[in-house]
>>> print(open('query.tsv').read())   # TSV, C-alpha atoms
chain	number	residue	atom	x	y	z
A	22	MET	CA	-0.08	9.57	11.70
A	23	SER	CA	-1.76	6.48	13.04
A	24	PHE	CA	-5.49	6.13	13.02
A	25	LEU	CA	-5.13	5.21	16.64
A	26	GLN	CA	-3.35	8.43	17.60
A	27	VAL	CA	-6.10	10.92	16.86
A	28	SER	CA	-8.64	12.24	19.30
A	29	THR	CA	-11.91	10.84	18.01
A	30	PRO	CA	-13.06	8.40	15.36
A	31	ILE	CA	-14.76	11.20	13.46
A	32	VAL	CA	-11.56	13.22	13.39
A	33	ALA	CA	-9.65	10.12	12.41
A	34	ARG	CA	-12.03	9.33	9.59
A	35	ARG	CA	-12.00	12.91	8.30
A	36	LEU	CA	-8.24	13.01	8.53
A	37	PHE	CA	-7.90	9.72	6.68
A	38	LEU	CA	-10.35	10.62	3.96
A	39	GLY	CA	-8.85	14.04	3.56
A	40	GLN	CA	-5.27	12.90	3.38
A	41	SER	CA	-5.75	9.88	1.19
A	42	GLY	CA	-7.99	11.29	-1.44
A	43	LEU	CA	-10.59	8.62	-0.78
A	44	VAL	CA	-13.38	11.11	-1.23
A	45	LEU	CA	-13.65	9.78	-4.77
A	46	SER	CA	-17.15	8.49	-5.22
A	47	GLY	CA	-18.05	5.42	-7.21
A	48	ALA	CA	-19.27	7.73	-9.94
A	49	ALA	CA	-15.93	9.47	-10.05
A	50	VAL	CA	-14.13	6.19	-10.38
A	51	ALA	CA	-16.56	5.25	-13.12
A	52	LEU	CA	-15.53	8.35	-14.96
A	53	LEU	CA	-11.96	7.11	-14.77
A	54	ALA	CA	-13.04	4.07	-16.71
A	55	GLY	CA	-13.94	6.24	-19.63
A	56	LYS	CA	-17.20	6.83	-21.39
A	57	ASP	CA	-16.44	4.41	-24.17
A	58	ALA	CA	-15.99	1.46	-21.86
A	59	LEU	CA	-19.06	2.16	-19.79
A	60	ALA	CA	-21.24	3.00	-22.76
A	61	ALA	CA	-20.43	-0.22	-24.57
A	62	SER	CA	-23.44	-2.11	-25.84
A	63	ALA	CA	-24.16	-5.72	-25.00
A	64	GLY	CA	-21.92	-8.11	-26.84
A	65	ALA	CA	-19.46	-5.43	-27.89
A	66	ALA	CA	-17.02	-6.01	-25.06
A	67	ASP	CA	-14.12	-8.42	-24.89
A	68	PRO	CA	-15.45	-11.47	-22.99
A	69	LYS	CA	-12.11	-11.69	-21.22
A	70	ASP	CA	-12.59	-8.18	-19.82
A	71	VAL	CA	-16.00	-9.14	-18.50
A	72	GLN	CA	-14.53	-12.23	-16.83
A	73	ILE	CA	-11.75	-10.19	-15.25
A	74	LEU	CA	-14.33	-7.79	-13.84
A	75	ASN	CA	-16.45	-10.67	-12.57
A	76	THR	CA	-13.51	-12.31	-10.79
A	77	ALA	CA	-12.73	-8.95	-9.21
A	78	LEU	CA	-16.38	-8.59	-8.21
A	79	GLY	CA	-16.29	-11.99	-6.52
A	80	ALA	CA	-13.29	-10.88	-4.48
A	81	GLU	CA	-14.93	-7.56	-3.55
A	82	LEU	CA	-18.08	-9.35	-2.37
A	83	GLU	CA	-15.91	-11.62	-0.25
A	84	ALA	CA	-14.15	-8.59	1.24
A	85	ILE	CA	-17.51	-7.00	2.13
A	86	ALA	CA	-18.51	-10.19	3.92
A	87	ALA	CA	-15.14	-10.38	5.69
A	88	TYR	CA	-15.45	-6.84	7.04
A	89	GLN	CA	-19.01	-7.65	8.13
A	90	LEU	CA	-17.65	-10.59	10.07
A	91	GLY	CA	-15.08	-8.32	11.68
A	92	ALA	CA	-17.61	-5.61	12.48
A	93	GLU	CA	-20.00	-8.10	14.09
A	94	SER	CA	-17.29	-9.98	15.97
A	95	LYS	CA	-17.41	-7.57	18.93
A	96	LEU	CA	-13.61	-7.77	18.87
A	97	LEU	CA	-13.10	-4.37	17.25
A	98	GLN	CA	-12.99	-1.27	19.39
A	99	LYS	CA	-13.45	2.27	18.18
A	100	PRO	CA	-11.78	3.81	16.24
A	101	VAL	CA	-10.69	0.54	14.59
A	102	LEU	CA	-14.34	-0.44	14.17
A	103	ASP	CA	-14.98	2.78	12.25
A	104	LEU	CA	-11.98	2.02	10.12
A	105	ALA	CA	-13.37	-1.41	9.23
A	106	VAL	CA	-16.77	0.03	8.37
A	107	THR	CA	-15.17	2.73	6.21
A	108	PHE	CA	-13.10	0.19	4.30
A	109	GLN	CA	-16.12	-2.07	3.89
A	110	GLY	CA	-17.90	0.93	2.37
A	111	HIS	CA	-15.11	1.29	-0.19
A	112	HIS	CA	-15.46	-2.37	-1.13
A	113	LYS	CA	-19.21	-1.86	-1.54
A	114	GLU	CA	-18.49	1.03	-3.91
A	115	HIS	CA	-16.02	-1.10	-5.85
A	116	ALA	CA	-18.54	-3.96	-6.07
A	117	ASP	CA	-21.33	-1.65	-7.18
A	118	LEU	CA	-19.18	-0.12	-9.90
A	119	LEU	CA	-17.89	-3.47	-11.11
A	120	SER	CA	-21.38	-4.93	-11.19
A	121	LYS	CA	-22.83	-2.02	-13.17
A	122	THR	CA	-19.92	-2.10	-15.61
A	123	ILE	CA	-20.32	-5.85	-16.16
A	124	VAL	CA	-24.00	-5.33	-16.98
A	125	LYS	CA	-23.19	-2.47	-19.35
A	126	LEU	CA	-20.66	-4.70	-21.08
A	127	GLY	CA	-23.31	-7.36	-21.59
A	128	GLY	CA	-22.23	-9.72	-18.83
A	129	LYS	CA	-23.94	-11.17	-15.79
A	130	PRO	CA	-22.45	-10.13	-12.45
A	131	VAL	CA	-21.65	-12.88	-9.98
A	132	ALA	CA	-23.70	-12.84	-6.80
A	133	ALA	CA	-22.41	-12.92	-3.26
A	134	LYS	CA	-22.11	-16.41	-1.82
A	135	ALA	CA	-24.69	-17.47	0.72
A	136	ASN	CA	-21.85	-18.49	3.03
A	137	TYR	CA	-18.15	-17.71	3.20
A	138	ASN	CA	-15.92	-20.19	4.99
A	139	PHE	CA	-13.87	-17.65	6.88
A	140	PRO	CA	-11.75	-19.04	9.71
A	141	ALA	CA	-13.88	-17.24	12.30
A	142	ASP	CA	-12.75	-19.57	15.07
A	143	GLN	CA	-9.21	-18.25	14.65
A	144	LEU	CA	-10.25	-14.64	15.26
A	145	LYS	CA	-9.94	-14.12	18.99
A	146	SER	CA	-8.71	-10.54	19.30
A	147	GLN	CA	-8.77	-7.20	17.53
A	148	ALA	CA	-5.25	-7.87	16.26
A	149	ASP	CA	-6.41	-11.20	14.77
A	150	VAL	CA	-9.18	-9.42	12.87
A	151	LEU	CA	-6.80	-6.70	11.67
A	152	ARG	CA	-4.27	-9.29	10.47
A	153	PHE	CA	-7.05	-11.20	8.70
A	154	ALA	CA	-8.23	-8.01	6.99
A	155	ALA	CA	-4.68	-6.96	6.14
A	156	ARG	CA	-4.03	-10.30	4.49
A	157	LEU	CA	-7.17	-9.94	2.39
A	158	GLU	CA	-6.23	-6.39	1.38
A	159	GLN	CA	-2.70	-7.41	0.45
A	160	GLY	CA	-4.17	-10.20	-1.60
A	161	ALA	CA	-6.52	-7.76	-3.29
A	162	VAL	CA	-3.58	-5.60	-4.32
A	163	SER	CA	-1.88	-8.65	-5.85
A	164	ALA	CA	-5.10	-9.66	-7.60
A	165	TYR	CA	-5.62	-6.26	-9.22
A	166	LEU	CA	-1.92	-6.08	-10.06
A	167	GLY	CA	-2.26	-9.40	-11.85
A	168	ALA	CA	-5.43	-8.30	-13.62
A	169	VAL	CA	-4.51	-4.82	-14.85
A	170	PRO	CA	-2.17	-6.03	-17.64
A	171	LEU	CA	-4.81	-8.43	-18.94
A	172	PHE	CA	-7.52	-5.95	-19.87
A	173	GLY	CA	-8.09	-5.42	-23.55
A	174	ASN	CA	-9.71	-2.09	-22.78
A	175	ARG	CA	-7.16	0.34	-21.37
A	176	ASP	CA	-9.85	2.43	-19.69
A	177	LEU	CA	-10.92	-0.59	-17.68
A	178	ALA	CA	-7.28	-1.20	-16.76
A	179	LYS	CA	-7.09	2.37	-15.50
A	180	ALA	CA	-10.23	1.93	-13.40
A	181	ALA	CA	-8.86	-1.31	-11.94
A	182	ALA	CA	-5.61	0.46	-11.10
A	183	SER	CA	-7.62	3.10	-9.28
A	184	ILE	CA	-9.19	0.40	-7.12
A	185	LEU	CA	-5.75	-1.18	-6.62
A	186	GLY	CA	-4.53	2.09	-5.14
A	187	ASP	CA	-7.40	2.10	-2.66
A	188	GLU	CA	-6.72	-1.49	-1.59
A	189	ALA	CA	-3.05	-0.66	-1.09
A	190	MET	CA	-3.99	2.20	1.21
A	191	HIS	CA	-6.25	-0.11	3.20
A	192	TRP	CA	-3.39	-2.57	3.61
A	193	ALA	CA	-0.97	0.14	4.74
A	194	VAL	CA	-3.41	1.60	7.27
A	195	LEU	CA	-4.24	-1.83	8.68
A	196	ARG	CA	-0.53	-2.61	9.05
A	197	ASN	CA	-0.06	0.70	10.80
A	198	ALA	CA	-2.93	-0.09	13.16
A	199	LEU	CA	-1.15	-3.36	13.97
A	200	GLY	CA	2.05	-1.48	14.78
A	201	GLU	CA	3.81	-2.82	11.70
A	202	VAL	CA	5.74	-0.85	9.10
A	203	PRO	CA	2.88	0.52	6.98
A	204	VAL	CA	4.64	0.35	3.65
A	205	PRO	CA	7.16	-2.49	3.84
A	206	SER	CA	8.61	-2.26	0.36
A	207	ALA	CA	8.91	-0.05	-2.69
A	208	PHE	CA	7.18	-2.53	-4.98
A	209	MET	CA	4.17	-4.80	-4.76
A	210	THR	CA	3.96	-8.25	-6.29
B	11	MET	CA	12.08	-19.55	12.15
B	12	LYS	CA	15.01	-17.13	12.27
B	13	LEU	CA	15.55	-17.61	8.54
B	14	CYS	CA	11.84	-17.20	8.05
B	15	ARG	CA	11.85	-13.89	9.89
B	16	LEU	CA	14.84	-12.66	7.92
B	17	LEU	CA	13.26	-13.55	4.61
B	18	ALA	CA	10.03	-12.01	5.65
B	19	ALA	CA	11.52	-8.80	6.96
B	20	GLY	CA	9.11	-6.07	6.12
B	21	THR	CA	6.49	-8.35	4.66
B	22	LEU	CA	3.34	-9.92	5.99
B	23	SER	CA	4.87	-13.13	7.25
B	24	VAL	CA	2.92	-16.21	8.10
B	25	CYS	CA	5.93	-18.45	8.44
B	26	ALA	CA	4.36	-20.30	11.31
B	27	GLY	CA	2.42	-22.21	8.67
B	28	VAL	CA	5.53	-23.85	7.24
B	29	PRO	CA	6.65	-27.05	8.94
B	30	ALA	CA	9.90	-26.63	10.86
B	31	PHE	CA	11.68	-28.97	8.45
B	32	ALA	CA	10.64	-26.99	5.39
B	33	ALA	CA	13.35	-26.37	2.83
B	34	PRO	CA	14.30	-22.75	2.02
B	35	ALA	CA	12.54	-23.06	-1.35
B	36	ALA	CA	9.28	-23.75	0.44
B	37	VAL	CA	9.91	-20.84	2.78
B	38	ARG	CA	10.42	-18.53	-0.19
B	39	GLY	CA	7.40	-20.11	-1.79
B	40	GLU	CA	5.24	-19.23	1.18
B	41	GLN	CA	6.08	-15.58	0.64
B	42	ILE	CA	5.03	-15.89	-2.99
B	43	TYR	CA	1.86	-17.68	-1.93
B	44	VAL	CA	0.70	-14.39	-0.38
B	45	ARG	CA	-0.17	-13.34	-3.94
B	46	CYS	CA	-2.38	-16.40	-4.31
B	47	GLN	CA	-4.17	-15.53	-1.09
B	48	ALA	CA	-6.02	-12.87	-3.02
B	49	CYS	CA	-8.41	-15.63	-4.01
B	50	HIS	CA	-7.25	-18.89	-2.47
B	51	ALA	CA	-6.76	-20.47	0.93
B	52	LEU	CA	-5.21	-23.80	1.76
B	53	SER	CA	-8.15	-25.42	3.51
B	54	TYR	CA	-11.30	-23.71	2.29
B	55	ASP	CA	-12.78	-22.46	-0.96
B	56	ARG	CA	-12.83	-18.74	-1.66
B	57	VAL	CA	-12.99	-17.00	-5.04
B	58	GLY	CA	-10.70	-19.85	-6.04
B	59	PRO	CA	-10.70	-23.44	-4.79
B	60	ARG	CA	-8.74	-24.71	-1.80
B	61	HIS	CA	-5.14	-25.88	-2.24
B	62	CYS	CA	-4.90	-28.72	0.29
B	63	GLY	CA	-4.57	-31.91	-1.75
B	64	LEU	CA	-3.73	-30.01	-4.93
B	65	PHE	CA	-1.00	-32.31	-6.23
B	66	GLY	CA	-2.50	-35.29	-8.03
B	67	ARG	CA	-5.95	-33.70	-8.16
B	68	THR	CA	-7.83	-33.41	-11.44
B	69	ALA	CA	-8.52	-29.78	-12.35
B	70	GLY	CA	-12.08	-28.71	-11.68
B	71	SER	CA	-12.79	-31.51	-9.22
B	72	VAL	CA	-13.17	-29.94	-5.76
B	73	PRO	CA	-16.73	-30.84	-4.76
B	74	GLY	CA	-19.08	-27.87	-4.56
B	75	PHE	CA	-16.75	-25.34	-6.15
B	76	ALA	CA	-18.18	-23.46	-9.15
B	77	TYR	CA	-15.48	-23.89	-11.78
B	78	SER	CA	-15.52	-22.41	-15.24
B	79	PRO	CA	-16.55	-24.84	-18.00
B	80	ALA	CA	-13.04	-24.38	-19.40
B	81	MET	CA	-11.38	-25.61	-16.23
B	82	LYS	CA	-13.83	-28.46	-15.74
B	83	SER	CA	-13.19	-29.77	-19.24
B	84	SER	CA	-9.42	-29.16	-19.22
B	85	ARG	CA	-8.54	-32.76	-18.21
B	86	ILE	CA	-5.49	-31.42	-16.42
B	87	VAL	CA	-4.06	-33.36	-13.50
B	88	TRP	CA	-2.10	-31.03	-11.27
B	89	ASN	CA	1.56	-31.90	-10.91
B	90	ASP	CA	4.86	-30.02	-11.12
B	91	LYS	CA	4.73	-29.77	-14.88
B	92	THR	CA	1.09	-28.79	-15.33
B	93	LEU	CA	1.13	-26.34	-12.44
B	94	ASP	CA	4.32	-24.71	-13.71
B	95	ARG	CA	2.77	-24.23	-17.13
B	96	PHE	CA	-0.55	-22.98	-15.77
B	97	LEU	CA	0.99	-20.56	-13.26
B	98	ALA	CA	3.24	-19.07	-15.93
B	99	ASN	CA	0.18	-17.91	-17.87
B	100	PRO	CA	-3.19	-19.12	-16.60
B	101	LEU	CA	-5.32	-17.59	-19.36
B	102	LYS	CA	-3.10	-18.92	-22.12
B	103	THR	CA	-3.00	-22.41	-20.63
B	104	VAL	CA	-6.73	-22.62	-19.92
B	105	PRO	CA	-8.53	-20.00	-22.02
B	106	GLY	CA	-11.80	-19.19	-20.31
B	107	THR	CA	-10.56	-19.83	-16.77
B	108	THR	CA	-11.93	-17.48	-14.15
B	109	MET	CA	-8.39	-17.13	-12.79
B	110	THR	CA	-7.87	-13.83	-14.53
B	111	TYR	CA	-4.37	-13.33	-13.24
B	112	ASP	CA	-1.26	-12.46	-15.21
B	113	GLY	CA	0.61	-15.37	-13.68
B	114	VAL	CA	3.97	-15.82	-11.98
B	115	PRO	CA	6.43	-15.01	-14.76
B	116	ASP	CA	9.66	-15.96	-13.01
B	117	ALA	CA	10.49	-19.69	-13.25
B	118	ALA	CA	12.42	-19.67	-9.97
B	119	ASP	CA	9.45	-18.08	-8.20
B	120	ARG	CA	7.16	-20.75	-9.62
B	121	ALA	CA	9.52	-23.49	-8.45
B	122	ASP	CA	9.55	-22.04	-4.93
B	123	LEU	CA	5.77	-21.69	-4.97
B	124	LEU	CA	5.35	-25.31	-6.03
B	125	ALA	CA	7.75	-26.40	-3.28
B	126	TYR	CA	5.52	-24.63	-0.77
B	127	LEU	CA	2.30	-26.02	-2.20
B	128	LYS	CA	3.75	-29.53	-2.23
B	129	GLY	CA	4.58	-29.27	1.47
B	130	ALA	CA	1.33	-27.55	2.36
B	131	ASP	CA	-0.45	-30.87	2.79
B	132	LYS	CA	1.63	-31.34	5.94
B	133	THR	CA	0.48	-28.07	7.52
B	134	PRO	CA	-1.98	-28.24	10.42
B	135	GLU	CA	-4.63	-26.61	8.21
B	136	CYS	CA	-4.49	-29.35	5.62
B	137	LEU	CA	-4.07	-32.16	8.13
B	138	THR	CA	-7.17	-30.96	9.98
B	139	LEU	CA	-9.14	-30.79	6.73
B	140	LYS	CA	-7.97	-34.27	5.77
B	141	ALA	CA	-9.01	-35.65	9.14
B	142	LYS	CA	-12.52	-34.24	8.68
B	143	HIS	CA	-13.03	-36.07	5.38
>>> encode(input="query.tsv", output="structure tokens")
Amino acid sequence: MSFLQVSTPIVARRLFLGQSGLVLSGAAVALLAGKDALAASAGAADPKDVQILNTALGAELEAIAAYQLGAESKLLQKPVLDLAVTFQGHHKEHADLLSKTIVKLGGKPVAAKANYNFPADQLKSQADVLRFAARLEQGAVSAYLGAVPLFGNRDLAKAAASILGDEAMHWAVLRNALGEVPVPSAFMT
Amino acid sequence: MKLCRLLAAGTLSVCAGVPAFAAPAAVRGEQIYVRCQACHALSYDRVGPRHCGLFGRTAGSVPGFAYSPAMKSSRIVWNDKTLDRFLANPLKTVPGTTMTYDGVPDAADRADLLAYLKGADKTPECLTLKAKH
């Protein structure tokens, strides 16, 4: 069912959250990462794992800024606006979890950039914003897919895969909102 | 464009970005470039640096981009050979790079991707960026 085919944004949001299992909190996802990984002392972690998490954090912070741009563009109408805010909230949860994990592993989390050079002048309609967001979400899936095999710590790989699943759902829902086939293929690359 | 639509069937196509004279390899490469768009764009810096002007550029040299020390000191000049090696396994080629990505394992995919990146300098995005500088 499309997000755009339900009666109210609240119903839509409840329906989406209920059907997709996105009621997982950041804490729940943290549990997926395993106590060992999150309880690691400074210096004990694989530096490569910390770098992978930091690169992912940089991408999550960019996604938060991108959804902010979309939300403030005045181009999004309800219930699409609610959708964007919900997805931005997920990215905030991802970023918060990644940042805390990096600190626990002895690393220094990257900060959000002061400015992102998004092509704002090319966003002239709701569909433009949705396509922009969909492209970012598809990219996020590819990024996590390319990162998961690199982790030395399997618990961190599992946590990253959990986030990957969330990004893939975002992409599918955004495609659906655009009237495109939500899940265009059996495999992601 | 018809070929582009066929190749892109069911995917997020942005074939309009490929010049009309683009070879099929570059068209396939544009589809593979979607993976890169997780962190990169052609004309502006994101989590990764921009790709306009990539060929012939020294690694770690885009002004204002915060590269890893490893990339800055790599002394790599990007060309077909160095890009092919790096994209096959970024972390093995430049240990310490922030491009924590498992790479593009298929040689044919890498060749298509490089064909796209080579032609990207002729896209409106890159031509506009070049005109500004």
>>> residues_around(input="query.tsv", residues="region 38-55 of chain B", least_positions_apart="2", cutoff="8 Å", atoms="all atoms listed in the file", output="mmCIF file with C-alpha atoms, in the coordinates of the input")
data_model
loop_
_atom_site.group_PDB
_atom_site.id
_atom_site.type_symbol
_atom_site.label_atom_id
_atom_site.label_comp_id
_atom_site.auth_asym_id
_atom_site.auth_seq_id
_atom_site.Cartn_x
_atom_site.Cartn_y
_atom_site.Cartn_z
ATOM 1 C CA ALA A 80 -13.290 -10.880 -4.480
ATOM 2 C CA ASN A 138 -15.920 -20.190 4.990
ATOM 3 C CA ARG A 156 -4.030 -10.300 4.490
ATOM 4 C CA LEU A 157 -7.170 -9.940 2.390
ATOM 5 C CA GLU A 158 -6.230 -6.390 1.380
ATOM 6 C CA GLN A 159 -2.700 -7.410 0.450
ATOM 7 C CA GLY A 160 -4.170 -10.200 -1.600
ATOM 8 C CA ALA A 161 -6.520 -7.760 -3.290
ATOM 9 C CA VAL A 162 -3.580 -5.600 -4.320
ATOM 10 C CA SER A 163 -1.880 -8.650 -5.850
ATOM 11 C CA ALA A 164 -5.100 -9.660 -7.600
ATOM 12 C CA THR A 210 3.960 -8.250 -6.290
ATOM 13 C CA LEU B 17 13.260 -13.550 4.610
ATOM 14 C CA ALA B 18 10.030 -12.010 5.650
ATOM 15 C CA SER B 23 4.870 -13.130 7.250
ATOM 16 C CA VAL B 24 2.920 -16.210 8.100
ATOM 17 C CA CYS B 25 5.930 -18.450 8.440
ATOM 18 C CA VAL B 28 5.530 -23.850 7.240
ATOM 19 C CA PRO B 34 14.300 -22.750 2.020
ATOM 20 C CA ALA B 35 12.540 -23.060 -1.350
ATOM 21 C CA ALA B 36 9.280 -23.750 0.440
ATOM 22 C CA VAL B 57 -12.990 -17.000 -5.040
ATOM 23 C CA GLY B 58 -10.700 -19.850 -6.040
ATOM 24 C CA PRO B 59 -10.700 -23.440 -4.790
ATOM 25 C CA ARG B 60 -8.740 -24.710 -1.800
ATOM 26 C CA HIS B 61 -5.140 -25.880 -2.240
ATOM 27 C CA CYS B 62 -4.900 -28.720 0.290
ATOM 28 C CA PHE B 75 -16.750 -25.340 -6.150
ATOM 29 C CA ASP B 119 9.450 -18.080 -8.200
ATOM 30 C CA ARG B 120 7.160 -20.750 -9.620
ATOM 31 C CA ALA B 121 9.520 -23.490 -8.450
ATOM 32 C CA ASP B 122 9.550 -22.040 -4.930
ATOM 33 C CA LEU B 123 5.770 -21.690 -4.970
ATOM 34 C CA LEU B 124 5.350 -25.310 -6.030
ATOM 35 C CA ALA B 125 7.750 -26.400 -3.280
ATOM 36 C CA TYR B 126 5.520 -24.630 -0.770
ATOM 37 C CA LEU B 127 2.300 -26.020 -2.200
ATOM 38 C CA ALA B 130 1.330 -27.550 2.360
ATOM 39 C CA GLU B 135 -4.630 -26.610 8.210
ATOM 40 C CA CYS B 136 -4.490 -29.350 5.620
ATOM 41 C CA LEU B 139 -9.140 -30.790 6.730
#
>>> atom_distance(input="query.tsv", atom1="CA of Met81 (chain B)", atom2="CA of Ala154 (chain A)")
29.3 Å
>>> atom_distance(input="query.tsv", atom1="CA of Ser78 (chain B)", atom2="CA of Ala133 (chain A)")
16.8 Å
>>> closest_atom_pairs(input="query.tsv", of="chain A", to="chain B", cutoff="9 Å", atoms="all atoms listed in the file", output="JSON lines")
{"residue": "A:Pro68", "atom": "CA", "partner": "B:Gly106", "partner_atom": "CA", "distance": 9.0}
{"residue": "A:Lys69", "atom": "CA", "partner": "B:Gly106", "partner_atom": "CA", "distance": 7.6}
{"residue": "A:Gln72", "atom": "CA", "partner": "B:Thr108", "partner_atom": "CA", "distance": 6.4}
{"residue": "A:Ile73", "atom": "CA", "partner": "B:Thr110", "partner_atom": "CA", "distance": 5.4}
{"residue": "A:Leu74", "atom": "CA", "partner": "B:Thr110", "partner_atom": "CA", "distance": 8.9}
{"residue": "A:Asn75", "atom": "CA", "partner": "B:Thr108", "partner_atom": "CA", "distance": 8.3}
{"residue": "A:Thr76", "atom": "CA", "partner": "B:Thr108", "partner_atom": "CA", "distance": 6.4}
{"residue": "A:Ala77", "atom": "CA", "partner": "B:Thr110", "partner_atom": "CA", "distance": 8.7}
{"residue": "A:Gly79", "atom": "CA", "partner": "B:Val57", "partner_atom": "CA", "distance": 6.2}
{"residue": "A:Ala80", "atom": "CA", "partner": "B:Val57", "partner_atom": "CA", "distance": 6.2}
{"residue": "A:Glu83", "atom": "CA", "partner": "B:Val57", "partner_atom": "CA", "distance": 7.8}
{"residue": "A:Tyr137", "atom": "CA", "partner": "B:Arg56", "partner_atom": "CA", "distance": 7.3}
{"residue": "A:Asn138", "atom": "CA", "partner": "B:Tyr54", "partner_atom": "CA", "distance": 6.4}
{"residue": "A:Phe139", "atom": "CA", "partner": "B:Tyr54", "partner_atom": "CA", "distance": 8.0}
{"residue": "A:Pro140", "atom": "CA", "partner": "B:Tyr54", "partner_atom": "CA", "distance": 8.8}
{"residue": "A:Arg152", "atom": "CA", "partner": "B:Leu22", "partner_atom": "CA", "distance": 8.9}
{"residue": "A:Ala155", "atom": "CA", "partner": "B:Leu22", "partner_atom": "CA", "distance": 8.6}
{"residue": "A:Arg156", "atom": "CA", "partner": "B:Leu22", "partner_atom": "CA", "distance": 7.5}
{"residue": "A:Leu157", "atom": "CA", "partner": "B:Ala48", "partner_atom": "CA", "distance": 6.3}
{"residue": "A:Glu158", "atom": "CA", "partner": "B:Ala48", "partner_atom": "CA", "distance": 7.8}
{"residue": "A:Gln159", "atom": "CA", "partner": "B:Ala48", "partner_atom": "CA", "distance": 7.3}
{"residue": "A:Gly160", "atom": "CA", "partner": "B:Ala48", "partner_atom": "CA", "distance": 3.5}
{"residue": "A:Ala161", "atom": "CA", "partner": "B:Ala48", "partner_atom": "CA", "distance": 5.1}
{"residue": "A:Val162", "atom": "CA", "partner": "B:Ala48", "partner_atom": "CA", "distance": 7.8}
{"residue": "A:Ser163", "atom": "CA", "partner": "B:Arg45", "partner_atom": "CA", "distance": 5.3}
{"residue": "A:Ala164", "atom": "CA", "partner": "B:Ala48", "partner_atom": "CA", "distance": 5.7}
{"residue": "A:Tyr165", "atom": "CA", "partner": "B:Tyr111", "partner_atom": "CA", "distance": 8.2}
{"residue": "A:Leu166", "atom": "CA", "partner": "B:Asp112", "partner_atom": "CA", "distance": 8.2}
{"residue": "A:Gly167", "atom": "CA", "partner": "B:Asp112", "partner_atom": "CA", "distance": 4.7}
{"residue": "A:Ala168", "atom": "CA", "partner": "B:Tyr111", "partner_atom": "CA", "distance": 5.2}
{"residue": "A:Val169", "atom": "CA", "partner": "B:Asp112", "partner_atom": "CA", "distance": 8.3}
{"residue": "A:Pro170", "atom": "CA", "partner": "B:Asp112", "partner_atom": "CA", "distance": 6.9}
{"residue": "A:Leu171", "atom": "CA", "partner": "B:Asp112", "partner_atom": "CA", "distance": 6.5}
{"residue": "A:Arg196", "atom": "CA", "partner": "B:Leu22", "partner_atom": "CA", "distance": 8.8}
{"residue": "A:Glu201", "atom": "CA", "partner": "B:Gly20", "partner_atom": "CA", "distance": 8.4}
{"residue": "A:Val202", "atom": "CA", "partner": "B:Gly20", "partner_atom": "CA", "distance": 6.9}
{"residue": "A:Val204", "atom": "CA", "partner": "B:Gly20", "partner_atom": "CA", "distance": 8.2}
{"residue": "A:Pro205", "atom": "CA", "partner": "B:Gly20", "partner_atom": "CA", "distance": 4.7}
{"residue": "A:Ser206", "atom": "CA", "partner": "B:Gly20", "partner_atom": "CA", "distance": 6.9}
{"residue": "A:Thr210", "atom": "CA", "partner": "B:Arg45", "partner_atom": "CA", "distance": 7.0}
>>> residues_around(input="query.tsv", residues="Glu81 (chain A)", least_positions_apart="4", cutoff="7 Å", atoms="all atoms listed in the file", output="VMD selection string")
chain A and resid 77 85 112 115 to 116
>>> closest_residue(input="query.tsv", among="A:Leu126, A:Met190, A:Leu185, A:Val150", to="Gln98 (chain A)", atoms="all atoms listed in the file")
A:Val150
>>> atom_distance(input="query.tsv", atom1="CA of Asp149 (chain A)", atom2="CA of Leu199 (chain A)")
9.5 Å
>>> residues_near_point(input="query.tsv", point="(-17.7, -2.7, -12.0)", cutoff="10 Å", atoms="all atoms listed in the file", output="list in words")
Gly47, Val50, Ala51, Ala54, Leu59, Val71, Leu74, Asn75, Ala77, Leu78, Glu114, His115, Ala116, Asp117, Leu118, Leu119, Ser120, Lys121, Thr122, Ile123, Val124, Lys125, Leu126, Pro130, Leu177, Ala180 and Ala181 of chain A
>>> closest_residue(input="query.tsv", among="A:Ala66, A:Val194, A:Leu82, A:Ala135", to="Ala105 (chain A)", atoms="only C-alpha atoms")
A:Val194
